[in-house]
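J.: Input coords.cif, format and content: mmCIF, C-alpha atoms.
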data_input
#
loop_
_atom_site.label_atom_id
_atom_site.label_comp_id
_atom_site.auth_asym_id
_atom_site.auth_seq_id
_atom_site.Cartn_x
_atom_site.Cartn_y
_atom_site.Cartn_z
CA MET A 26 80.08 -17.75 -14.15
CA PRO A 27 79.54 -21.23 -12.72
CA PHE A 28 76.13 -22.13 -14.22
CA PHE A 29 74.12 -20.80 -17.13
CA ILE A 30 70.85 -21.64 -18.89
CA ALA A 31 71.00 -22.86 -22.46
CA GLY A 32 68.42 -22.75 -25.22
CA ASP A 33 66.56 -25.86 -24.05
CA CYS A 34 64.71 -23.58 -21.64
CA LEU A 35 63.10 -21.64 -24.52
CA ASP A 36 59.29 -21.82 -24.29
CA VAL A 37 59.53 -24.30 -21.40
CA LEU A 38 60.01 -21.92 -18.45
CA ASP A 39 59.39 -24.65 -15.88
CA ARG A 40 60.75 -22.37 -13.11
CA SER A 41 61.64 -25.22 -10.74
CA CYS A 42 65.15 -23.77 -10.71
CA ILE A 43 63.83 -20.46 -9.39
CA GLU A 44 62.30 -22.30 -6.44
CA GLU A 45 65.60 -23.99 -5.63
CA CYS A 46 68.01 -21.08 -6.01
CA PRO A 47 69.09 -19.96 -2.53
CA VAL A 48 70.24 -16.54 -3.73
CA ASP A 49 67.40 -15.71 -6.12
CA CYS A 50 69.78 -15.18 -9.04
CA ILE A 51 67.63 -16.72 -11.82
CA TYR A 52 65.81 -14.06 -13.81
CA GLU A 53 62.85 -14.50 -16.13
CA GLY A 54 63.07 -13.01 -19.61
CA ASP A 55 60.22 -13.65 -22.05
CA ARG A 56 60.71 -17.17 -23.45
CA LYS A 57 63.52 -18.36 -21.17
CA LEU A 58 65.34 -17.87 -17.88
CA TYR A 59 68.84 -16.47 -17.28
CA ILE A 60 71.34 -16.96 -14.44
CA HIS A 61 73.15 -13.89 -13.18
CA PRO A 62 76.85 -14.73 -13.53
CA ARG A 63 78.00 -12.64 -10.56
CA GLU A 64 75.14 -13.40 -8.21
CA CYS A 65 75.31 -17.21 -8.76
CA ILE A 66 77.19 -18.95 -5.93
CA ASP A 67 77.83 -22.19 -7.82
CA CYS A 68 75.81 -24.40 -5.45
CA GLY A 69 74.28 -26.50 -8.25
CA ALA A 70 70.83 -26.73 -6.63
CA CYS A 71 69.16 -25.59 -9.86
CA GLU A 72 70.95 -27.97 -12.20
CA VAL A 73 69.39 -31.16 -10.86
CA VAL A 74 65.80 -29.96 -10.92
CA CYS A 75 65.61 -28.69 -14.52
CA PRO A 76 63.21 -31.04 -16.37
CA VAL A 77 64.88 -30.30 -19.73
CA THR A 78 68.49 -30.22 -18.45
CA ALA A 79 68.90 -26.70 -19.76
CA ILE A 80 71.17 -25.67 -16.88
CA VAL A 81 74.83 -26.15 -17.69
CA SER A 82 77.96 -25.85 -15.56
CA ASP A 83 80.71 -23.94 -17.30
CA MET A 84 82.90 -26.92 -16.36
CA SER A 85 80.97 -29.11 -18.81
CA ILE A 86 80.40 -26.65 -21.62
CA THR A 87 79.98 -27.90 -25.21
CA ASP A 88 80.07 -26.20 -28.60
CA ALA A 89 76.26 -26.29 -28.63
CA THR A 90 75.89 -24.58 -25.25
CA ARG A 91 78.86 -22.18 -25.48
CA PRO A 92 76.94 -19.26 -27.05
CA TRP A 93 74.41 -19.37 -24.21
CA LYS A 94 77.10 -18.82 -21.59
CA ASP A 95 77.93 -15.40 -23.03
CA ASP A 96 74.24 -14.79 -23.62
CA ASN A 97 73.37 -15.25 -19.92
CA ALA A 98 75.99 -12.63 -19.08
CA ALA A 99 74.79 -10.32 -21.87
CA PHE A 100 71.24 -10.41 -20.46
CA PHE A 101 72.59 -8.36 -17.55
CA SER A 102 75.53 -6.47 -19.05
CA GLU A 103 73.89 -5.18 -22.26
CA PRO A 104 70.72 -3.10 -22.60
CA LEU A 105 67.90 -5.46 -23.55
CA PRO A 106 65.78 -4.62 -26.62
CA GLY A 107 63.59 -1.63 -25.86
CA ARG A 108 65.59 -0.64 -22.79
CA ASP A 109 68.08 2.17 -22.33
CA ALA A 110 70.27 0.67 -19.63
CA PRO A 111 71.47 -2.82 -18.73
CA LEU A 112 70.01 -4.64 -15.72
CA ARG A 113 73.50 -4.93 -14.16
CA SER A 114 73.21 -6.45 -10.63
CA PRO A 115 69.65 -6.21 -9.31
CA GLY A 116 70.64 -8.33 -6.27
CA GLY A 117 67.69 -10.71 -6.52
CA ALA A 118 65.13 -11.63 -9.14
CA ALA A 119 62.11 -11.28 -6.87
CA GLY A 120 62.79 -7.57 -6.50
CA VAL A 121 62.58 -6.87 -10.24
CA GLY A 122 59.97 -9.48 -11.22
CA ARG A 123 59.48 -10.84 -14.70
CA ILE A 124 61.60 -8.86 -17.17
CA GLY A 125 59.50 -9.94 -20.17
CA VAL A 126 62.24 -9.36 -22.73
CA ASP A 127 64.85 -11.75 -24.15
CA THR A 128 68.32 -11.26 -25.53
CA PRO A 129 68.59 -11.04 -29.34
CA LEU A 130 69.99 -14.60 -29.42
CA ALA A 131 67.04 -16.05 -27.49
CA ALA A 132 64.43 -13.92 -29.25
CA GLY A 133 65.81 -14.94 -32.63
CA THR A 134 65.90 -18.68 -31.89
CA PRO A 135 62.86 -20.37 -33.41
CA ALA A 136 60.53 -22.40 -31.22
CA ALA A 137 61.25 -26.12 -31.08
CA GLY A 138 59.57 -28.08 -33.88
CA THR A 139 59.16 -25.13 -36.21
CA MET B 6 78.00 -10.19 27.81
CA ASP B 7 81.59 -9.11 27.18
CA VAL B 8 83.93 -10.95 24.83
CA ASP B 9 87.12 -10.23 22.91
CA LEU B 10 85.85 -11.36 19.52
CA VAL B 11 82.52 -12.17 17.90
CA VAL B 12 82.47 -14.47 14.89
CA VAL B 13 79.41 -13.87 12.73
CA GLY B 14 78.58 -17.08 10.90
CA SER B 15 79.14 -20.72 11.89
CA GLY B 16 79.92 -22.17 8.49
CA PRO B 17 83.28 -23.86 7.98
CA VAL B 18 85.17 -20.57 7.92
CA GLY B 19 83.38 -19.18 10.98
CA LEU B 20 84.03 -22.40 12.90
CA TYR B 21 87.69 -22.33 12.02
CA ALA B 22 87.93 -18.64 12.97
CA THR B 23 86.32 -19.56 16.30
CA TYR B 24 88.96 -22.23 16.90
CA TYR B 25 91.70 -19.81 15.94
CA ALA B 26 90.42 -17.06 18.21
CA GLY B 27 90.34 -19.51 21.09
CA PHE B 28 93.86 -20.66 20.29
CA ARG B 29 94.92 -17.03 20.54
CA GLY B 30 93.36 -16.82 23.98
CA LEU B 31 90.47 -14.62 22.90
CA ARG B 32 87.14 -15.04 24.63
CA THR B 33 84.88 -15.69 21.68
CA ALA B 34 81.17 -15.73 20.85
CA VAL B 35 79.68 -17.17 17.65
CA VAL B 36 76.42 -15.89 16.15
CA ASP B 37 74.45 -17.73 13.46
CA SER B 38 70.91 -17.38 12.19
CA LEU B 39 70.43 -21.15 11.91
CA PRO B 40 69.92 -23.29 15.03
CA GLU B 41 72.69 -25.70 13.99
CA PRO B 42 76.27 -24.85 13.01
CA GLY B 43 77.66 -25.75 9.59
CA GLY B 44 76.42 -22.97 7.32
CA GLN B 45 76.08 -23.83 3.65
CA ILE B 46 77.52 -27.32 4.18
CA ALA B 47 74.87 -28.30 6.70
CA ALA B 48 72.05 -26.52 4.90
CA MET B 49 72.81 -27.50 1.33
CA TYR B 50 75.19 -30.44 0.96
CA PRO B 51 75.69 -32.39 4.21
CA GLU B 52 76.03 -35.73 2.39
CA LYS B 53 78.31 -34.63 -0.44
CA LEU B 54 81.95 -35.66 -0.47
CA ILE B 55 84.36 -32.73 -0.41
CA HIS B 56 87.69 -33.45 -2.06
CA ASP B 57 89.69 -30.24 -1.68
CA ILE B 58 90.20 -29.91 2.08
CA ALA B 59 93.92 -30.04 2.82
CA GLY B 60 94.83 -33.34 4.44
CA LEU B 61 91.34 -34.85 4.05
CA PRO B 62 91.20 -36.38 0.56
CA ARG B 63 87.51 -37.28 0.84
CA VAL B 64 85.34 -35.94 3.63
CA ARG B 65 81.57 -35.94 3.90
CA GLY B 66 80.13 -32.47 4.49
CA ARG B 67 78.61 -33.33 7.85
CA ASP B 68 81.83 -35.02 9.01
CA LEU B 69 83.83 -31.91 8.15
CA VAL B 70 81.39 -29.81 10.16
CA ALA B 71 81.62 -32.23 13.11
CA GLY B 72 85.42 -32.01 13.05
CA LEU B 73 85.42 -28.21 12.83
CA LEU B 74 82.92 -28.05 15.68
CA ASP B 75 85.06 -30.32 17.84
CA GLN B 76 88.08 -28.13 17.07
CA ALA B 77 86.17 -24.89 17.75
CA ASN B 78 84.89 -26.23 21.08
CA THR B 79 88.48 -26.73 22.32
CA TYR B 80 88.35 -23.26 23.84
CA GLU B 81 84.67 -23.26 24.89
CA PRO B 82 83.25 -20.41 22.81
CA ILE B 83 79.83 -18.95 23.57
CA TRP B 84 77.27 -20.20 21.02
CA LEU B 85 74.53 -17.78 20.01
CA LEU B 86 72.65 -19.86 17.44
CA GLY B 87 69.22 -19.31 15.93
CA GLN B 88 69.77 -15.53 15.90
CA ALA B 89 71.31 -13.16 13.39
CA ALA B 90 73.67 -10.31 14.18
CA GLN B 91 71.41 -7.36 13.50
CA HIS B 92 72.84 -4.06 14.73
CA VAL B 93 76.31 -2.88 15.59
CA GLN B 94 77.04 0.20 17.64
CA ARG B 95 80.35 1.87 18.59
CA LEU B 96 80.71 2.48 22.32
CA ASP B 97 82.58 5.44 23.81
CA ASP B 98 85.50 3.22 24.80
CA GLY B 99 85.90 2.12 21.17
CA ARG B 100 84.43 -1.33 21.62
CA LEU B 101 81.54 -2.61 19.53
CA ARG B 102 78.14 -3.76 20.70
CA ILE B 103 76.23 -6.29 18.59
CA THR B 104 72.51 -6.79 19.09
CA THR B 105 71.06 -10.02 17.73
CA THR B 106 67.60 -10.61 16.33
CA THR B 107 66.58 -12.24 19.62
CA GLY B 108 67.71 -9.20 21.58
CA VAL B 109 70.99 -10.56 22.98
CA GLU B 110 73.65 -7.86 23.38
CA VAL B 111 77.34 -8.71 23.10
CA THR B 112 80.10 -6.20 23.70
CA THR B 113 83.34 -7.02 21.91
CA ARG B 114 86.66 -5.57 20.87
CA SER B 115 86.61 -7.19 17.42
CA ILE B 116 84.28 -8.86 14.94
CA VAL B 117 85.07 -11.38 12.20
CA LEU B 118 82.32 -11.55 9.61
CA ALA B 119 82.30 -15.08 8.21
CA ALA B 120 78.86 -14.50 6.79
CA GLY B 121 79.12 -16.54 3.58
CA ILE B 122 76.15 -15.77 1.39
CA GLY B 123 74.32 -14.16 4.28
CA THR B 124 71.49 -14.99 6.63
CA PHE B 125 69.68 -18.19 5.77
CA THR B 126 65.91 -17.99 5.91
CA PRO B 127 63.81 -21.16 5.58
CA ARG B 128 61.75 -21.12 2.42
CA PRO B 129 58.12 -20.82 3.55
CA LEU B 130 55.42 -23.40 2.83
CA PRO B 131 53.24 -22.27 -0.08
CA ALA B 132 50.22 -22.59 2.25
CA GLY B 133 49.60 -22.95 5.96
CA GLY B 134 52.06 -20.30 7.12
CA GLU B 135 49.64 -19.34 9.91
CA PHE B 136 50.51 -22.62 11.69
CA VAL B 137 54.25 -21.94 11.96
CA GLY B 138 55.02 -22.50 15.64
CA HIS B 139 51.62 -24.21 16.06
CA GLY B 140 52.52 -27.62 14.75
CA VAL B 141 54.56 -26.43 11.76
CA ASP B 142 58.35 -26.29 12.18
CA TYR B 143 61.22 -25.43 9.86
CA PHE B 144 63.76 -27.38 11.93
CA VAL B 145 63.65 -30.54 14.00
CA THR B 146 65.48 -29.61 17.16
CA ASP B 147 63.96 -32.19 19.54
CA PRO B 148 62.88 -35.43 17.83
CA SER B 149 61.35 -36.79 21.06
CA SER B 150 58.71 -34.04 20.94
CA TYR B 151 57.25 -35.76 17.85
CA ALA B 152 56.46 -38.97 19.79
CA GLY B 153 52.92 -40.15 19.10
CA HIS B 154 52.30 -37.56 16.37
CA ASP B 155 51.28 -38.09 12.77
CA VAL B 156 54.04 -36.16 11.05
CA LEU B 157 54.05 -34.65 7.57
CA VAL B 158 57.50 -33.82 6.19
CA VAL B 159 57.61 -31.58 3.13
CA GLY B 160 60.61 -31.47 0.78
CA GLY B 161 62.96 -33.61 -1.29
CA GLY B 162 66.43 -32.61 -0.14
CA ASP B 163 68.75 -34.07 2.48
CA SER B 164 67.13 -32.23 5.38
CA ALA B 165 63.65 -33.51 4.52
CA VAL B 166 64.74 -37.11 4.06
CA ASP B 167 67.05 -37.07 7.12
CA TRP B 168 64.25 -35.73 9.30
CA ALA B 169 61.79 -38.30 7.97
CA LEU B 170 64.30 -41.03 8.86
CA THR B 171 64.94 -39.51 12.29
CA LEU B 172 61.26 -39.22 13.14
CA GLU B 173 60.06 -42.50 11.64
CA PRO B 174 60.97 -44.60 14.72
CA VAL B 175 59.63 -41.91 17.09
CA ALA B 176 56.38 -40.66 15.55
CA ALA B 177 53.07 -42.52 15.20
CA SER B 178 53.43 -42.12 11.43
CA VAL B 179 55.55 -40.18 8.96
CA THR B 180 54.42 -39.07 5.52
CA LEU B 181 56.84 -37.28 3.22
CA VAL B 182 55.55 -35.26 0.29
CA HIS B 183 57.66 -33.78 -2.46
CA ARG B 184 56.52 -31.98 -5.56
CA ARG B 185 58.69 -34.03 -7.89
CA PRO B 186 59.25 -37.78 -8.18
CA GLN B 187 63.02 -37.14 -8.15
CA PHE B 188 64.79 -36.39 -4.88
CA THR B 189 67.86 -34.21 -4.49
CA ALA B 190 68.75 -35.99 -1.23
CA HIS B 191 71.54 -38.56 -1.05
CA ALA B 192 70.37 -41.67 -2.94
CA ALA B 193 71.21 -44.04 -0.07
CA SER B 194 69.05 -41.98 2.31
CA VAL B 195 66.14 -42.04 -0.14
CA THR B 196 66.47 -45.83 -0.41
CA ARG B 197 66.45 -46.16 3.38
CA MET B 198 63.36 -43.97 3.56
CA ARG B 199 61.52 -46.02 0.92
CA GLU B 200 62.38 -49.20 2.85
CA SER B 201 61.07 -47.68 6.11
CA THR B 202 57.44 -47.26 7.16
CA THR B 203 57.52 -43.68 5.83
CA SER B 204 54.70 -43.05 3.39
CA VAL B 205 56.28 -41.25 0.41
CA ARG B 206 53.91 -39.28 -1.82
CA THR B 207 55.01 -37.56 -5.02
CA PRO B 208 54.33 -35.35 -6.87
CA TYR B 209 52.41 -33.56 -4.14
CA VAL B 210 52.52 -30.09 -2.60
CA VAL B 211 50.79 -28.70 0.46
CA HIS B 212 47.61 -27.02 -0.79
CA ALA B 213 46.27 -25.99 2.64
CA LEU B 214 46.54 -26.75 6.35
CA SER B 215 43.64 -26.71 8.78
CA GLY B 216 43.21 -27.11 12.52
CA ASP B 217 42.40 -25.11 15.62
CA ASP B 218 45.14 -23.98 17.99
CA THR B 219 47.40 -26.44 16.24
CA VAL B 220 47.49 -28.12 12.86
CA ARG B 221 45.17 -31.14 12.47
CA ARG B 222 44.91 -31.85 8.78
CA ALA B 223 46.70 -31.19 5.51
CA ILE B 224 45.19 -30.95 2.07
CA LEU B 225 47.72 -32.08 -0.49
CA ARG B 226 47.57 -31.40 -4.21
CA ASP B 227 48.81 -33.79 -6.86
CA THR B 228 50.81 -31.51 -9.16
CA SER B 229 50.30 -33.82 -12.15
CA ASN B 230 46.50 -33.57 -12.25
CA GLY B 231 45.40 -31.14 -9.53
CA ASP B 232 43.60 -33.81 -7.48
CA LEU B 233 43.33 -33.03 -3.77
CA LEU B 234 44.05 -35.49 -0.97
CA GLU B 235 43.33 -35.04 2.73
CA LEU B 236 45.70 -36.30 5.37
CA ASP B 237 45.46 -36.18 9.16
CA CYS B 238 48.63 -34.78 10.72
CA THR B 239 49.46 -33.04 13.96
CA ARG B 240 53.00 -31.94 13.15
CA VAL B 241 54.46 -30.62 9.91
CA VAL B 242 58.15 -30.22 9.11
CA ALA B 243 58.72 -27.82 6.22
CA ALA B 244 62.14 -28.57 4.73
CA LEU B 245 61.97 -26.66 1.47
CA GLY B 246 65.49 -25.27 1.62
CA PHE B 247 66.69 -21.77 2.29
CA THR B 248 67.14 -18.39 0.77
CA ALA B 249 70.03 -16.19 1.80
CA ASP B 250 70.90 -12.54 1.72
CA LEU B 251 73.25 -10.26 3.60
CA GLY B 252 70.21 -8.86 5.36
CA PRO B 253 71.08 -6.73 8.38
CA LEU B 254 74.79 -6.45 7.44
CA ALA B 255 73.80 -4.16 4.59
CA GLY B 256 73.14 -1.48 7.20
CA TRP B 257 76.52 -1.68 8.95
CA GLY B 258 78.30 0.84 6.73
CA LEU B 259 80.49 -1.80 5.11
CA SER B 260 81.73 -1.51 1.55
CA ILE B 261 79.49 -4.10 -0.13
CA VAL B 262 79.77 -4.74 -3.86
CA ASP B 263 77.71 -7.49 -5.54
CA ARG B 264 76.82 -8.99 -2.13
CA HIS B 265 80.47 -9.19 -1.07
CA ILE B 266 82.37 -7.22 1.55
CA GLU B 267 85.55 -5.55 0.32
CA VAL B 268 88.61 -6.22 2.49
CA ASP B 269 92.33 -5.49 2.35
CA SER B 270 95.17 -8.00 2.68
CA THR B 271 94.69 -8.10 6.48
CA MET B 272 91.00 -8.99 5.98
CA TRP B 273 90.08 -5.60 7.43
CA THR B 274 86.77 -4.14 6.20
CA GLY B 275 87.78 -0.52 6.70
CA ILE B 276 85.76 -0.20 9.92
CA ASP B 277 87.85 -0.29 13.11
CA GLY B 278 87.64 -3.72 14.73
CA ILE B 279 85.61 -5.35 11.94
CA TYR B 280 87.26 -8.02 9.81
CA ALA B 281 85.82 -10.56 7.37
CA ALA B 282 86.75 -13.99 6.02
CA GLY B 283 85.45 -16.60 3.61
CA ASP B 284 82.93 -16.40 0.79
CA VAL B 285 81.56 -13.03 1.90
CA THR B 286 84.84 -11.24 1.19
CA ASP B 287 86.11 -9.75 -2.02
CA TYR B 288 89.53 -8.46 -3.06
CA PRO B 289 91.59 -8.69 -6.26
CA GLY B 290 92.35 -12.34 -6.97
CA LYS B 291 89.67 -13.73 -4.64
CA VAL B 292 88.81 -17.44 -5.06
CA ARG B 293 85.68 -18.66 -3.25
CA LEU B 294 86.73 -22.01 -1.81
CA ILE B 295 86.67 -23.42 1.71
CA SER B 296 90.44 -23.89 1.59
CA VAL B 297 90.97 -20.20 0.88
CA GLY B 298 88.46 -19.29 3.59
CA PHE B 299 90.40 -21.22 6.23
CA GLY B 300 93.49 -19.15 5.50
CA GLU B 301 91.45 -15.96 5.58
CA ALA B 302 90.01 -16.96 8.96
CA ALA B 303 93.51 -17.18 10.42
CA LEU B 304 94.47 -13.88 8.79
CA ALA B 305 91.36 -12.12 10.07
CA VAL B 306 91.65 -13.40 13.65
CA ASN B 307 95.37 -12.70 14.00
CA ASN B 308 95.09 -9.22 12.53
CA ALA B 309 92.03 -8.45 14.65
CA ALA B 310 93.91 -9.61 17.76
CA VAL B 311 96.79 -7.22 17.07
CA ALA B 312 94.54 -4.31 16.16
CA SER B 313 92.65 -4.61 19.44
CA ASP B 314 95.80 -5.16 21.52
CA PRO B 315 98.91 -3.43 20.15
CA THR B 316 101.12 -5.42 22.55
CA ALA B 317 100.04 -8.68 20.91
CA GLN B 318 102.13 -10.36 18.24
CA LEU B 319 100.66 -10.90 14.78
CA PHE B 320 102.19 -14.36 14.57
CA PRO B 321 100.33 -16.56 17.04
CA GLY B 322 102.99 -19.22 17.45
CA HIS B 323 102.83 -22.78 16.19
CA SER B 324 99.99 -24.93 17.54
CA THR B 325 102.42 -27.81 18.10
CA ALA B 326 104.22 -25.75 20.70
CA THR B 327 101.50 -23.65 22.29
CA ALA B 328 98.13 -25.44 22.14
CA ALA B 329 96.55 -26.67 25.32
#
Would you write the structure of this file as structure tokens?

T.:
Amino acid sequence: MPFFIAGDCLDVLDRSCIEECPVDCIYEGDRKLYIHPRECIDCGACEVVCPVTAIVSDMSITDATRPWKDDNAAFFSEPLPGRDAPLRSPGGAAGVGRIGVDTPLAAGTPAAGT
Amino acid sequence: MDVDLVVVGSGPVGLYATYYAGFRGLRTAVVDSLPEPGGQIAAMYPEKLIHDIAGLPRVRGRDLVAGLLDQANTYEPIWLLGQAAQHVQRLDDGRLRITTTTGVEVTTRSIVLAAGIGTFTPRPLPAGGEFVGHGVDYFVTDPSSYAGHDVLVVGGGDSAVDWALTLEPVAASVTLVHRRPQFTAHAASVTRMRESTTSVRTPYVVHALSGDDTVRRAILRDTSNGDLLELDCTRVVAALGFTADLGPLAGWGLSIVDRHIEVDSTMWTGIDGIYAAGDVTDYPGKVRLISVGFGEAALAVNNAAVASDPTAQLFPGHSTATAA
């Protein structure tokens, strides 16, 4: 898992990263985006365009961002709330569209300023 | 045409495989969907310094590609660029026939798939797609053809800025638009562009293109407030990056898991005559680095050479003793 998206993306959803990703591996939940850990090719194109620097390399992980690394993986490996099966490897976000559901960690994180 | 080996992909691993096949005396053709060799390095990080190439402590991406190209050209391979390997068919004599997306047919004994993350496709302009080929290009292949034109370059990466700098002395005018004030291109290139006569407009996107048989005018939109701006232009270069997928290879009967081709320790894919090397491969313990890919290229080519000619030796000899 080279890059993941931390909580700073919550309620921002700028989506510039989606436009940069050459392999279409950034998926849209409800309040934030998630990088597929096995589809990401570690090119770093997304990291520089995020306006809220929510995209983190696992080489520069901190205690604050660490839970989000596992959470990006869980978005694909665990069934999301209201779903029976995990997303696994859809092979491209465009093919599945907006998922519209977040992981329990993201859904349970209050909006900034509240 | 008839060859001994086709390398699919002209990224660093494909270029090295091409050199190696030539060194082994194999008549070799190279297929790549992009018009220029270099793969991910050329398309995504030509100006970045690479620090983990054996023997080259710091090498710029484009310099590494130039060196690999020089090395690959030692044995005069056949370059089939700007076309993707689309179909493969087994002939009665056991050889393979590849058909490319431009209709070229190549008959070969072996194939090395150095396909990386797959076929690169230029990201389309959000508007004005109907003018592609009629004033709108995704690549600058002949800068002199822009002489006298008012050129609009779209994008903020190295390709966009490099092309603006290339065309600025040739064209009547160059305007570069990018949808963010920040550029992802090499900072020194951006500085050179700002010091040139290039008109740099951010944060703008192409809202629409108009014209007749060719593009005549662009309507740009300021992304900060939605204001529209009209600009006369007769050529547009869309450099918005690329998307990649394994595309046609998915139909070749290969064992593909999570966009990677499974191979054994000889780099064999499980289909007679078809080997793979570099980022596209997967096996237990795989590490996706250029340095690993170079080794896999040598493994793939040498094993392919023996499989297609049982009298050949797996070990190719040392280049110090045998190279031309």

J.: Could you please tell me, as a PyMOL selection string, which residues of chain B have an atom within 9 Å of chain A when using all atoms listed in the file?

T.: chain B and resi 49-50+122+125+128+185+187-189+245-250+263-264+293

J.: Using atom CA of B:Tyr143 and atom CA of B:Asp232 as the two end points, give the distance in Å to one decimal.

T.: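 According to the coordinates, atom CA of B:Tyr143 and atom CA of B:Asp232 are separated by 26.1 Å.
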
J.: For this file, the PyMOL selection byres ((chain A and resi 105) around 12) selects which residues, as a list in words?

T.: Gly54, Asp55, Asp96, Asn97, Ala98, Ala99, Phe100, Phe101, Ser102, Glu103, Pro104, Pro106, Gly107, Arg108, Asp109, Ala110, Pro111, Leu112, Arg113, Ile124, Gly125, Val126, Asp127, Thr128, Pro129, Leu130, Ala131 and Ala132 of chain A

J.: Report as a ChimeraX atom specification all protein, DNA and RNA residues lying within 7 Å of A:Ile80, evaluated on only C-alpha atoms, omitting residues in the same chain fewer than 2 positions from it.

T.: /A:28-31,72,75,78,82

J.: What's the separation between atom CA of B:Asp167 and atom CA of B:Lys53, in Å to one decimal place?

T.: 13.8 Å

J.: May I ask for the distance between atom CA of B:Asp155 and atom CA of B:Leu170, given in Å to one decimal place?

T.: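 Here the two named atoms are 13.9 Å from each other.
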
J.: Using only C-alpha atoms, pick whichever of B:Ser215, B:Gln94, B:Thr196, B:Ser149 has the shortest atom-to-atom distance to B:Glu135.

T.: B:Ser215

J.: Excluding B:Ser229 and residues on its chain fewer than 3 positions from it, collect all residues at most 10 Å away from it, counting only C-alpha atoms, and give them as a PDB file with C-alpha atoms, in the coordinates of the input.

T.:
ATOM      1  CA  ARG B 184      56.520 -31.980  -5.560  1.00  0.00           C
ATOM      2  CA  ARG B 185      58.690 -34.030  -7.890  1.00  0.00           C
ATOM      3  CA  THR B 207      55.010 -37.560  -5.020  1.00  0.00           C
ATOM      4  CA  PRO B 208      54.330 -35.350  -6.870  1.00  0.00           C
ATOM      5  CA  TYR B 209      52.410 -33.560  -4.140  1.00  0.00           C
ATOM      6  CA  ARG B 226      47.570 -31.400  -4.210  1.00  0.00           C
ATOM      7  CA  ASP B 232      43.600 -33.810  -7.480  1.00  0.00           C
TER       8      ASP B 232
END

J.: Write out as a ChimeraX atom specification each polymer residue whose atoms come within 7 Å of B:Phe136, counting only C-alpha atoms; drop sequence neighbours fewer than 5 positions from it.

T.: /B:141,219-220

J.: Let me know the residues the PyMOL selection byres ((chain B and resi 270-273) around 12) catches in the file above, as a PyMOL selection string.

T.: chain B and resi 115-119+259-260+266-269+274-283+285-291+298+300-312+319

J.: So, with all atoms listed in the file as the atoms that count, which of B:Asp227, B:Ala213, B:Arg63, B:Thr124 lies closest to B:Pro186?

T.: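 Of B:Asp227, B:Ala213, B:Arg63, B:Thr124, the one nearest B:Pro186 is B:Asp227, counting all atoms listed in the file.
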
J.: Determine the nearest neighbour of B:Tyr25 from the options B:Thr79, B:Ser194, B:Gln45, B:Ser38, counting all atoms listed in the file.

T.: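 The shortest atom-to-atom distance to B:Tyr25 comes from B:Thr79.
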
J.: For the structure shown, which residues end up in the PyMOL selection byres ((chain B and resi 99) around 9)? Put them as a PyMOL selection string, please?

T.: chain B and resi 95-98+100-101+114+277-278

J.: With all atoms listed in the file as the atoms that count, which of A:Leu58, A:Val121, A:Val77, A:Ala136 lies nearest to A:Leu38?

T.: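 So, comparing all the options, the nearest one is A:Leu58.
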
J.: Considering all atoms listed in the file, can you say which of A:Pro92, A:Arg123, A:Glu53, A:Pro62 comes closest to A:Val37?

T.: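 Of A:Pro92, A:Arg123, A:Glu53, A:Pro62, the one nearest A:Val37, counting all atoms listed in the file, is A:Glu53.
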
J.: Calculated over only C-alpha atoms, which of the candidates B:Thr239, B:Thr33, B:Ser313, B:Ser296 has the smallest distance to B:Asp142?

T.: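 Of the candidates, the smallest distance to B:Asp142 is held by B:Thr239.
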